[in-house]
Amino acid sequence: YYLFELQETVVVGLPSMLMAQDKWTEDFLPAIQVNRFSELLPTSGEGSRGGQVKRAIQFKNGVALRFMAAGGSDKQKAGYTTRIVAITETDGMDTPGETSREADPIEQIEGRTLAYGEAKRIYLECTASIETGRIWQEITNGTNSRIARPCPHCGEYVTPEREHLVGWQEAESELEAAEKGHWTCPACSHAWTDEDRRSSSASSVLVHRGQKVLANGQIVGDLPPTKTLGFRWSAIDNPFATTAALAAGEWKAEREADRENAEKKRRQFIWCLPWIPPEIEISPLTVEAVSSRSGGLKKGRVPEYCIGIAGGIDTGKK
């Protein structure tokens, strides 16, 4: 849309430049080849004729698709301006590099849009990692919108979640779980057929934080005081994931040898929810946790009350 309809250069942020080639050959190029803008594809330079993508794709209409990686130097990101930024795998880029003197890679890439003020557009997408991850914070601190659909039985606009996929819990086998699994309405608890699920999706609406949907589909309530549209979709919204497959997956996850890993996979990749680690006595090692334990002592200075110094070496062995 931006490259060809509006003819504007776009910066794509990603964790590593190794991803740039895959993004171009598997996502962007096939989509361009089958539409009316295929004539604007480059015939020389990066990305043309199977050529390696190292930095940017230059199109014949004069605009470019510029890739910026988290691992690049601060100077590589600083010398470029754009109105449009799109970042993939966001949670893999929200920490500054060890040698960086500037903000984290996301802030650096977003900084390329500052010259455009209110006209800038920044897109972030990612699998939800943990609650403190960048993408989940952007969603919840933004509009925190949800996809609501009308129940074919009671007419209420609802957002079915994981707990509304039922029937598989009492199954004795994976096949029985697939057969008995079904969705229920969060409002009236009526069971949904696959046709109910399909038909309700055609009338789905996006409801922002603090708003609600009336039975006639009208959305009421004020818009949240934010400039960030943040939303997620879940298994109920994925037409490629059948109810039977979802139910069977839940049944199998309950019986995995590594239950914790199975639960993490279901939450993050199926239900689009952040992983909540089990409560343990030790504190997770985060920047905030380490900073809160730091004192005011200068490097190389030993306070007068010190009676000894201990040193340790991590040999990396288990």
# chains A, B, ... in the order shown; residues from 1 in each chain; ligands from 1
>>> select_by_dssp(residues="range 94-296 of chain A", states="helix (DSSP H, G or I)", output="PDB file with N, CA and C atoms, in the first residue's frame")
ATOM      1  N   PRO A 105      16.866  -0.995  19.839  1.00  0.00           N
ATOM      2  CA  PRO A 105      16.714  -0.917  18.375  1.00  0.00           C
ATOM      3  C   PRO A 105      15.355  -0.402  17.919  1.00  0.00           C
ATOM      4  N   ILE A 106      14.295  -0.746  18.635  1.00  0.00           N
ATOM      5  CA  ILE A 106      12.969  -0.278  18.237  1.00  0.00           C
ATOM      6  C   ILE A 106      12.889   1.243  18.333  1.00  0.00           C
ATOM      7  N   GLU A 107      13.372   1.790  19.450  1.00  0.00           N
ATOM      8  CA  GLU A 107      13.346   3.248  19.623  1.00  0.00           C
ATOM      9  C   GLU A 107      14.213   3.929  18.564  1.00  0.00           C
ATOM     10  N   GLN A 108      15.334   3.318  18.233  1.00  0.00           N
ATOM     11  CA  GLN A 108      16.206   3.896  17.208  1.00  0.00           C
ATOM     12  C   GLN A 108      15.522   3.918  15.845  1.00  0.00           C
ATOM     13  N   ILE A 109      14.869   2.803  15.498  1.00  0.00           N
ATOM     14  CA  ILE A 109      14.205   2.735  14.192  1.00  0.00           C
ATOM     15  C   ILE A 109      12.999   3.674  14.157  1.00  0.00           C
ATOM     16  N   GLU A 110      12.229   3.702  15.239  1.00  0.00           N
ATOM     17  CA  GLU A 110      11.090   4.616  15.294  1.00  0.00           C
ATOM     18  C   GLU A 110      11.549   6.071  15.213  1.00  0.00           C
ATOM     19  N   GLY A 111      12.765   6.332  15.689  1.00  0.00           N
ATOM     20  CA  GLY A 111      13.303   7.691  15.632  1.00  0.00           C
ATOM     21  C   GLY A 111      13.484   8.206  14.228  1.00  0.00           C
ATOM     22  N   ARG A 112      13.507   7.291  13.233  1.00  0.00           N
ATOM     23  CA  ARG A 112      13.657   7.718  11.837  1.00  0.00           C
ATOM     24  C   ARG A 112      12.415   8.458  11.336  1.00  0.00           C
ATOM     25  N   THR A 113      11.307   8.393  12.108  1.00  0.00           N
ATOM     26  CA  THR A 113      10.055   9.016  11.673  1.00  0.00           C
ATOM     27  C   THR A 113       9.800  10.371  12.324  1.00  0.00           C
ATOM     28  N   LEU A 114      10.677  10.801  13.219  1.00  0.00           N
ATOM     29  CA  LEU A 114      10.410  12.003  14.016  1.00  0.00           C
ATOM     30  C   LEU A 114      10.175  13.249  13.163  1.00  0.00           C
ATOM     31  N   ALA A 115      10.837  13.330  12.027  1.00  0.00           N
ATOM     32  CA  ALA A 115      10.701  14.517  11.178  1.00  0.00           C
ATOM     33  C   ALA A 115       9.295  14.670  10.616  1.00  0.00           C
ATOM     34  N   TYR A 116       8.491  13.603  10.653  1.00  0.00           N
ATOM     35  CA  TYR A 116       7.154  13.648  10.061  1.00  0.00           C
ATOM     36  C   TYR A 116       6.052  13.931  11.075  1.00  0.00           C
ATOM     37  N   GLY A 117       6.412  14.078  12.344  1.00  0.00           N
ATOM     38  CA  GLY A 117       5.433  14.465  13.355  1.00  0.00           C
ATOM     39  C   GLY A 117       4.223  13.551  13.424  1.00  0.00           C
ATOM     40  N   GLU A 118       3.040  14.169  13.415  1.00  0.00           N
ATOM     41  CA  GLU A 118       1.794  13.416  13.533  1.00  0.00           C
ATOM     42  C   GLU A 118       1.485  12.575  12.289  1.00  0.00           C
ATOM     43  N   ALA A 119       2.173  12.831  11.197  1.00  0.00           N
ATOM     44  CA  ALA A 119       1.911  12.090   9.963  1.00  0.00           C
ATOM     45  C   ALA A 119       2.599  10.738   9.939  1.00  0.00           C
ATOM     46  N   ARG A 134       7.459  -5.968  24.892  1.00  0.00           N
ATOM     47  CA  ARG A 134       7.070  -4.718  24.230  1.00  0.00           C
ATOM     48  C   ARG A 134       5.696  -4.822  23.570  1.00  0.00           C
ATOM     49  N   ILE A 135       5.430  -5.926  22.874  1.00  0.00           N
ATOM     50  CA  ILE A 135       4.181  -5.997  22.115  1.00  0.00           C
ATOM     51  C   ILE A 135       2.974  -6.034  23.038  1.00  0.00           C
ATOM     52  N   TRP A 136       3.069  -6.766  24.154  1.00  0.00           N
ATOM     53  CA  TRP A 136       1.933  -6.839  25.080  1.00  0.00           C
ATOM     54  C   TRP A 136       1.715  -5.494  25.777  1.00  0.00           C
ATOM     55  N   GLN A 137       2.794  -4.794  26.070  1.00  0.00           N
ATOM     56  CA  GLN A 137       2.676  -3.472  26.683  1.00  0.00           C
ATOM     57  C   GLN A 137       2.038  -2.485  25.707  1.00  0.00           C
ATOM     58  N   GLU A 138       2.401  -2.579  24.429  1.00  0.00           N
ATOM     59  CA  GLU A 138       1.813  -1.688  23.426  1.00  0.00           C
ATOM     60  C   GLU A 138       0.307  -1.953  23.302  1.00  0.00           C
ATOM     61  N   ILE A 139      -0.081  -3.223  23.332  1.00  0.00           N
ATOM     62  CA  ILE A 139      -1.499  -3.573  23.209  1.00  0.00           C
ATOM     63  C   ILE A 139      -2.292  -3.060  24.402  1.00  0.00           C
ATOM     64  N   THR A 140      -1.833  -3.431  25.610  1.00  0.00           N
ATOM     65  CA  THR A 140      -2.609  -3.110  26.811  1.00  0.00           C
ATOM     66  C   THR A 140      -2.585  -1.630  27.154  1.00  0.00           C
ATOM     67  N   ASN A 141      -1.510  -0.942  26.834  1.00  0.00           N
ATOM     68  CA  ASN A 141      -1.451   0.498  27.091  1.00  0.00           C
ATOM     69  C   ASN A 141      -2.060   1.314  25.958  1.00  0.00           C
ATOM     70  N   ARG A 162     -10.104 -19.113  25.434  1.00  0.00           N
ATOM     71  CA  ARG A 162      -9.684 -20.498  25.614  1.00  0.00           C
ATOM     72  C   ARG A 162     -10.657 -21.301  26.472  1.00  0.00           C
ATOM     73  N   GLU A 163     -11.174 -20.676  27.537  1.00  0.00           N
ATOM     74  CA  GLU A 163     -12.065 -21.395  28.447  1.00  0.00           C
ATOM     75  C   GLU A 163     -13.417 -21.729  27.836  1.00  0.00           C
ATOM     76  N   HIS A 164     -13.700 -21.141  26.659  1.00  0.00           N
ATOM     77  CA  HIS A 164     -14.983 -21.404  25.995  1.00  0.00           C
ATOM     78  C   HIS A 164     -14.885 -22.518  24.958  1.00  0.00           C
ATOM     79  N   GLU A 174      -7.324 -38.708  21.710  1.00  0.00           N
ATOM     80  CA  GLU A 174      -7.189 -37.518  20.878  1.00  0.00           C
ATOM     81  C   GLU A 174      -8.330 -37.413  19.868  1.00  0.00           C
ATOM     82  N   LEU A 175      -8.717 -38.555  19.285  1.00  0.00           N
ATOM     83  CA  LEU A 175      -9.804 -38.551  18.310  1.00  0.00           C
ATOM     84  C   LEU A 175     -11.131 -38.197  18.963  1.00  0.00           C
ATOM     85  N   GLU A 176     -11.344 -38.688  20.184  1.00  0.00           N
ATOM     86  CA  GLU A 176     -12.582 -38.356  20.891  1.00  0.00           C
ATOM     87  C   GLU A 176     -12.613 -36.885  21.260  1.00  0.00           C
ATOM     88  N   ALA A 177     -11.455 -36.329  21.615  1.00  0.00           N
ATOM     89  CA  ALA A 177     -11.366 -34.904  21.933  1.00  0.00           C
ATOM     90  C   ALA A 177     -11.704 -34.059  20.711  1.00  0.00           C
ATOM     91  N   ALA A 178     -11.198 -34.472  19.539  1.00  0.00           N
ATOM     92  CA  ALA A 178     -11.491 -33.748  18.300  1.00  0.00           C
ATOM     93  C   ALA A 178     -12.972 -33.819  17.963  1.00  0.00           C
ATOM     94  N   GLU A 179     -13.592 -34.949  18.260  1.00  0.00           N
ATOM     95  CA  GLU A 179     -15.005 -35.145  17.933  1.00  0.00           C
ATOM     96  C   GLU A 179     -15.922 -34.372  18.880  1.00  0.00           C
ATOM     97  N   LYS A 180     -15.580 -34.344  20.157  1.00  0.00           N
ATOM     98  CA  LYS A 180     -16.461 -33.744  21.154  1.00  0.00           C
ATOM     99  C   LYS A 180     -16.175 -32.264  21.424  1.00  0.00           C
ATOM    100  N   ASP A 194     -19.702 -25.549  13.827  1.00  0.00           N
ATOM    101  CA  ASP A 194     -18.698 -24.920  12.965  1.00  0.00           C
ATOM    102  C   ASP A 194     -19.335 -23.847  12.086  1.00  0.00           C
ATOM    103  N   GLU A 195     -20.568 -24.070  11.683  1.00  0.00           N
ATOM    104  CA  GLU A 195     -21.269 -23.075  10.879  1.00  0.00           C
ATOM    105  C   GLU A 195     -21.560 -21.833  11.707  1.00  0.00           C
ATOM    106  N   ASP A 196     -21.902 -22.004  12.990  1.00  0.00           N
ATOM    107  CA  ASP A 196     -22.111 -20.861  13.880  1.00  0.00           C
ATOM    108  C   ASP A 196     -20.843 -20.022  13.975  1.00  0.00           C
ATOM    109  N   ARG A 197     -19.730 -20.707  14.102  1.00  0.00           N
ATOM    110  CA  ARG A 197     -18.449 -20.003  14.215  1.00  0.00           C
ATOM    111  C   ARG A 197     -18.147 -19.216  12.942  1.00  0.00           C
ATOM    112  N   ARG A 198     -18.392 -19.826  11.784  1.00  0.00           N
ATOM    113  CA  ARG A 198     -18.122 -19.154  10.512  1.00  0.00           C
ATOM    114  C   ARG A 198     -19.056 -17.966  10.291  1.00  0.00           C
ATOM    115  N   SER A 199     -20.339 -18.181  10.529  1.00  0.00           N
ATOM    116  CA  SER A 199     -21.310 -17.117  10.261  1.00  0.00           C
ATOM    117  C   SER A 199     -21.112 -15.926  11.192  1.00  0.00           C
ATOM    118  N   SER A 200     -20.762 -16.185  12.443  1.00  0.00           N
ATOM    119  CA  SER A 200     -20.588 -15.080  13.392  1.00  0.00           C
ATOM    120  C   SER A 200     -19.370 -14.233  13.052  1.00  0.00           C
ATOM    121  N   SER A 201     -18.350 -14.853  12.449  1.00  0.00           N
ATOM    122  CA  SER A 201     -17.142 -14.102  12.120  1.00  0.00           C
ATOM    123  C   SER A 201     -17.409 -13.045  11.055  1.00  0.00           C
ATOM    124  N   ALA A 235      -7.529 -17.965  18.739  1.00  0.00           N
ATOM    125  CA  ALA A 235      -7.840 -19.165  17.969  1.00  0.00           C
ATOM    126  C   ALA A 235      -9.235 -19.117  17.351  1.00  0.00           C
ATOM    127  N   ILE A 236     -10.180 -18.500  18.037  1.00  0.00           N
ATOM    128  CA  ILE A 236     -11.547 -18.409  17.518  1.00  0.00           C
ATOM    129  C   ILE A 236     -11.577 -17.631  16.209  1.00  0.00           C
ATOM    130  N   ASP A 237     -10.621 -16.722  16.010  1.00  0.00           N
ATOM    131  CA  ASP A 237     -10.597 -15.863  14.827  1.00  0.00           C
ATOM    132  C   ASP A 237      -9.796 -16.454  13.677  1.00  0.00           C
ATOM    133  N   THR A 243     -12.087 -26.358  14.752  1.00  0.00           N
ATOM    134  CA  THR A 243     -12.436 -26.611  16.148  1.00  0.00           C
ATOM    135  C   THR A 243     -11.913 -27.971  16.595  1.00  0.00           C
ATOM    136  N   ALA A 244     -12.007 -28.963  15.727  1.00  0.00           N
ATOM    137  CA  ALA A 244     -11.531 -30.303  16.057  1.00  0.00           C
ATOM    138  C   ALA A 244     -10.028 -30.308  16.334  1.00  0.00           C
ATOM    139  N   ALA A 245      -9.258 -29.617  15.502  1.00  0.00           N
ATOM    140  CA  ALA A 245      -7.805 -29.576  15.682  1.00  0.00           C
ATOM    141  C   ALA A 245      -7.432 -28.834  16.960  1.00  0.00           C
ATOM    142  N   LEU A 246      -8.144 -27.754  17.251  1.00  0.00           N
ATOM    143  CA  LEU A 246      -7.874 -26.999  18.477  1.00  0.00           C
ATOM    144  C   LEU A 246      -8.162 -27.842  19.715  1.00  0.00           C
ATOM    145  N   ALA A 247      -9.284 -28.546  19.715  1.00  0.00           N
ATOM    146  CA  ALA A 247      -9.651 -29.382  20.859  1.00  0.00           C
ATOM    147  C   ALA A 247      -8.656 -30.523  21.051  1.00  0.00           C
ATOM    148  N   ALA A 248      -8.257 -31.145  19.948  1.00  0.00           N
ATOM    149  CA  ALA A 248      -7.272 -32.223  20.033  1.00  0.00           C
ATOM    150  C   ALA A 248      -5.936 -31.704  20.551  1.00  0.00           C
ATOM    151  N   GLY A 249      -5.570 -30.501  20.132  1.00  0.00           N
ATOM    152  CA  GLY A 249      -4.322 -29.893  20.597  1.00  0.00           C
ATOM    153  C   GLY A 249      -4.332 -29.637  22.092  1.00  0.00           C
ATOM    154  N   GLU A 250      -5.473 -29.174  22.609  1.00  0.00           N
ATOM    155  CA  GLU A 250      -5.598 -28.945  24.050  1.00  0.00           C
ATOM    156  C   GLU A 250      -5.477 -30.262  24.815  1.00  0.00           C
ATOM    157  N   TRP A 251      -6.115 -31.308  24.284  1.00  0.00           N
ATOM    158  CA  TRP A 251      -6.080 -32.620  24.934  1.00  0.00           C
ATOM    159  C   TRP A 251      -4.654 -33.155  24.995  1.00  0.00           C
ATOM    160  N   LYS A 252      -3.918 -33.030  23.898  1.00  0.00           N
ATOM    161  CA  LYS A 252      -2.543 -33.518  23.848  1.00  0.00           C
ATOM    162  C   LYS A 252      -1.627 -32.709  24.773  1.00  0.00           C
ATOM    163  N   ALA A 253      -1.825 -31.394  24.810  1.00  0.00           N
ATOM    164  CA  ALA A 253      -0.987 -30.539  25.656  1.00  0.00           C
ATOM    165  C   ALA A 253      -1.122 -30.905  27.128  1.00  0.00           C
ATOM    166  N   ARG A 259       4.952 -30.391  30.494  1.00  0.00           N
ATOM    167  CA  ARG A 259       3.705 -29.643  30.523  1.00  0.00           C
ATOM    168  C   ARG A 259       3.939 -28.135  30.414  1.00  0.00           C
ATOM    169  N   GLU A 260       5.009 -27.676  31.054  1.00  0.00           N
ATOM    170  CA  GLU A 260       5.281 -26.239  31.047  1.00  0.00           C
ATOM    171  C   GLU A 260       5.561 -25.737  29.638  1.00  0.00           C
ATOM    172  N   ASN A 261       6.376 -26.471  28.894  1.00  0.00           N
ATOM    173  CA  ASN A 261       6.691 -26.075  27.529  1.00  0.00           C
ATOM    174  C   ASN A 261       5.458 -26.160  26.634  1.00  0.00           C
ATOM    175  N   ALA A 262       4.641 -27.190  26.834  1.00  0.00           N
ATOM    176  CA  ALA A 262       3.422 -27.341  26.046  1.00  0.00           C
ATOM    177  C   ALA A 262       2.454 -26.195  26.315  1.00  0.00           C
ATOM    178  N   GLU A 263       2.349 -25.800  27.576  1.00  0.00           N
ATOM    179  CA  GLU A 263       1.454 -24.701  27.934  1.00  0.00           C
ATOM    180  C   GLU A 263       1.942 -23.384  27.342  1.00  0.00           C
ATOM    181  N   LYS A 264       3.248 -23.182  27.375  1.00  0.00           N
ATOM    182  CA  LYS A 264       3.822 -21.960  26.788  1.00  0.00           C
ATOM    183  C   LYS A 264       3.503 -21.891  25.293  1.00  0.00           C
ATOM    184  N   LYS A 265       3.659 -23.013  24.612  1.00  0.00           N
ATOM    185  CA  LYS A 265       3.396 -23.068  23.176  1.00  0.00           C
ATOM    186  C   LYS A 265       1.932 -22.756  22.883  1.00  0.00           C
ATOM    187  N   ARG A 266       1.000 -23.345  23.644  1.00  0.00           N
ATOM    188  CA  ARG A 266      -0.429 -23.114  23.405  1.00  0.00           C
ATOM    189  C   ARG A 266      -0.793 -21.646  23.633  1.00  0.00           C
ATOM    190  N   ARG A 267      -0.312 -21.084  24.721  1.00  0.00           N
ATOM    191  CA  ARG A 267      -0.651 -19.687  25.037  1.00  0.00           C
ATOM    192  C   ARG A 267      -0.126 -18.735  23.966  1.00  0.00           C
ATOM    193  N   GLN A 268       1.143 -18.898  23.607  1.00  0.00           N
ATOM    194  CA  GLN A 268       1.771 -17.928  22.719  1.00  0.00           C
ATOM    195  C   GLN A 268       1.365 -18.095  21.257  1.00  0.00           C
ATOM    196  N   PHE A 269       1.317 -19.334  20.764  1.00  0.00           N
ATOM    197  CA  PHE A 269       1.121 -19.548  19.330  1.00  0.00           C
ATOM    198  C   PHE A 269      -0.314 -19.842  18.929  1.00  0.00           C
ATOM    199  N   ILE A 270      -1.126 -20.309  19.878  1.00  0.00           N
ATOM    200  CA  ILE A 270      -2.507 -20.648  19.548  1.00  0.00           C
ATOM    201  C   ILE A 270      -3.489 -19.590  20.065  1.00  0.00           C
ATOM    202  N   VAL A 287      16.429  -6.246  33.599  1.00  0.00           N
ATOM    203  CA  VAL A 287      17.175  -5.001  33.768  1.00  0.00           C
ATOM    204  C   VAL A 287      16.710  -4.275  35.025  1.00  0.00           C
ATOM    205  N   GLU A 288      15.388  -4.259  35.230  1.00  0.00           N
ATOM    206  CA  GLU A 288      14.840  -3.561  36.396  1.00  0.00           C
ATOM    207  C   GLU A 288      15.285  -4.218  37.696  1.00  0.00           C
ATOM    208  N   ALA A 289      15.286  -5.568  37.721  1.00  0.00           N
ATOM    209  CA  ALA A 289      15.673  -6.287  38.931  1.00  0.00           C
ATOM    210  C   ALA A 289      17.137  -6.039  39.289  1.00  0.00           C
ATOM    211  N   VAL A 290      18.000  -6.049  38.271  1.00  0.00           N
ATOM    212  CA  VAL A 290      19.422  -5.813  38.513  1.00  0.00           C
ATOM    213  C   VAL A 290      19.656  -4.376  38.968  1.00  0.00           C
ATOM    214  N   SER A 291      18.989  -3.419  38.295  1.00  0.00           N
ATOM    215  CA  SER A 291      19.175  -2.008  38.637  1.00  0.00           C
ATOM    216  C   SER A 291      18.760  -1.711  40.063  1.00  0.00           C
ATOM    217  N   SER A 292      17.705  -2.379  40.525  1.00  0.00           N
ATOM    218  CA  SER A 292      17.207  -2.111  41.874  1.00  0.00           C
ATOM    219  C   SER A 292      18.167  -2.605  42.947  1.00  0.00           C
TER     220      SER A 292
END
>>> residues_around(residues="range 3-17 of chain A", least_positions_apart="5", cutoff="7 Å", atoms="only C-alpha atoms", output="number ranges by chain")
A: 37, 63-71, 82, 84-89, 92-93
>>> residues_around(residues="Asp222 in chain A", least_positions_apart="3", cutoff="12 Å", atoms="only C-alpha atoms", output="JSON, numbers by chain")
{"A": [143, 207, 208, 209, 210, 211, 212, 219, 225, 226]}
>>> atom_distance(atom1="CA of Ile122 in chain A", atom2="CA of Leu229 in chain A")
10.4 Å
>>> select_by_dssp(residues="range 144-259 of chain A", states="strand (DSSP E or B)", output="VMD selection string")
chain A and resid 145 to 150 157 to 158 165 to 166 182 to 184 191 to 192 205 to 207 212 to 213 219 to 220 231
>>> atom_distance(atom1="CA of Val213 in chain A", atom2="CA of Cys272 in chain A")
22.7 Å
>>> residues_around(residues="Trp183 in chain A", least_positions_apart="3", cutoff="8 Å", atoms="only C-alpha atoms", output="PDB file with C-alpha atoms, in the first residue's frame")
ATOM      1  CA  PRO A 160     -14.813 -16.473  23.017  1.00  0.00           C
ATOM      2  CA  HIS A 164     -14.983 -21.404  25.995  1.00  0.00           C
ATOM      3  CA  LEU A 165     -13.534 -24.306  24.003  1.00  0.00           C
ATOM      4  CA  VAL A 166     -15.023 -27.260  25.898  1.00  0.00           C
ATOM      5  CA  ALA A 191     -22.910 -24.694  22.033  1.00  0.00           C
ATOM      6  CA  TRP A 192     -21.697 -23.437  18.653  1.00  0.00           C
ATOM      7  CA  THR A 193     -21.431 -25.529  15.528  1.00  0.00           C
ATOM      8  CA  THR A 243     -12.436 -26.611  16.148  1.00  0.00           C
TER       9      THR A 243
END
>>> residues_around(residues="Ser203 in chain A", least_positions_apart="6", cutoff="10 Å", atoms="only C-alpha atoms", output="PyMOL selection string")
chain A and resi 148-151+157+217
>>> write_last_selection(atoms="C-alpha atoms", output="compact mmCIF listing (two decimals), in the first residue's frame")
# COMPACT_ATOMS: atom_id res chain seq x y z
CA ALA A 148 -16.37 -9.30 19.16
CA ARG A 149 -18.86 -11.38 17.17
CA PRO A 150 -22.63 -11.93 17.57
CA CYS A 151 -23.78 -15.22 19.05
CA TYR A 157 -21.60 -9.71 20.89
CA GLY A 217 -24.06 -4.10 16.45
>>> closest_residue(among="A:Val53, A:Pro277, A:Tyr80, A:His190", to="Ser129 in chain A", atoms="only C-alpha atoms")
A:Pro277
>>> residues_around(residues="Trp24 in chain A", least_positions_apart="6", cutoff="9 Å", atoms="only C-alpha atoms", output="PyMOL selection string")
chain A and resi 30+47+53+57
>>> write_last_selection(atoms="all heavy atoms", output="compact mmCIF listing (two decimals), in the first residue's frame")
# COMPACT_ATOMS: atom_id res chain seq x y z
N PRO A 30 6.33 -12.63 -3.60
CA PRO A 30 5.21 -13.35 -4.20
C PRO A 30 3.94 -12.50 -4.29
O PRO A 30 3.17 -12.63 -5.25
CB PRO A 30 5.01 -14.55 -3.26
CG PRO A 30 6.34 -14.75 -2.61
CD PRO A 30 6.88 -13.37 -2.43
N GLY A 47 17.75 -8.01 -4.52
CA GLY A 47 16.41 -8.55 -4.62
C GLY A 47 15.94 -8.87 -6.02
O GLY A 47 14.87 -9.44 -6.21
N VAL A 53 19.46 -10.00 -0.59
CA VAL A 53 19.04 -8.74 0.02
C VAL A 53 19.98 -8.42 1.16
O VAL A 53 20.07 -9.18 2.14
CB VAL A 53 17.59 -8.81 0.54
CG1 VAL A 53 17.21 -7.51 1.23
CG2 VAL A 53 16.63 -9.12 -0.59
N ILE A 57 15.65 -2.80 -1.14
CA ILE A 57 15.13 -3.09 -2.49
C ILE A 57 14.71 -1.77 -3.11
O ILE A 57 13.89 -1.04 -2.54
CB ILE A 57 13.91 -4.04 -2.43
CG1 ILE A 57 14.20 -5.26 -1.57
CG2 ILE A 57 13.48 -4.41 -3.84
CD1 ILE A 57 15.23 -6.19 -2.12
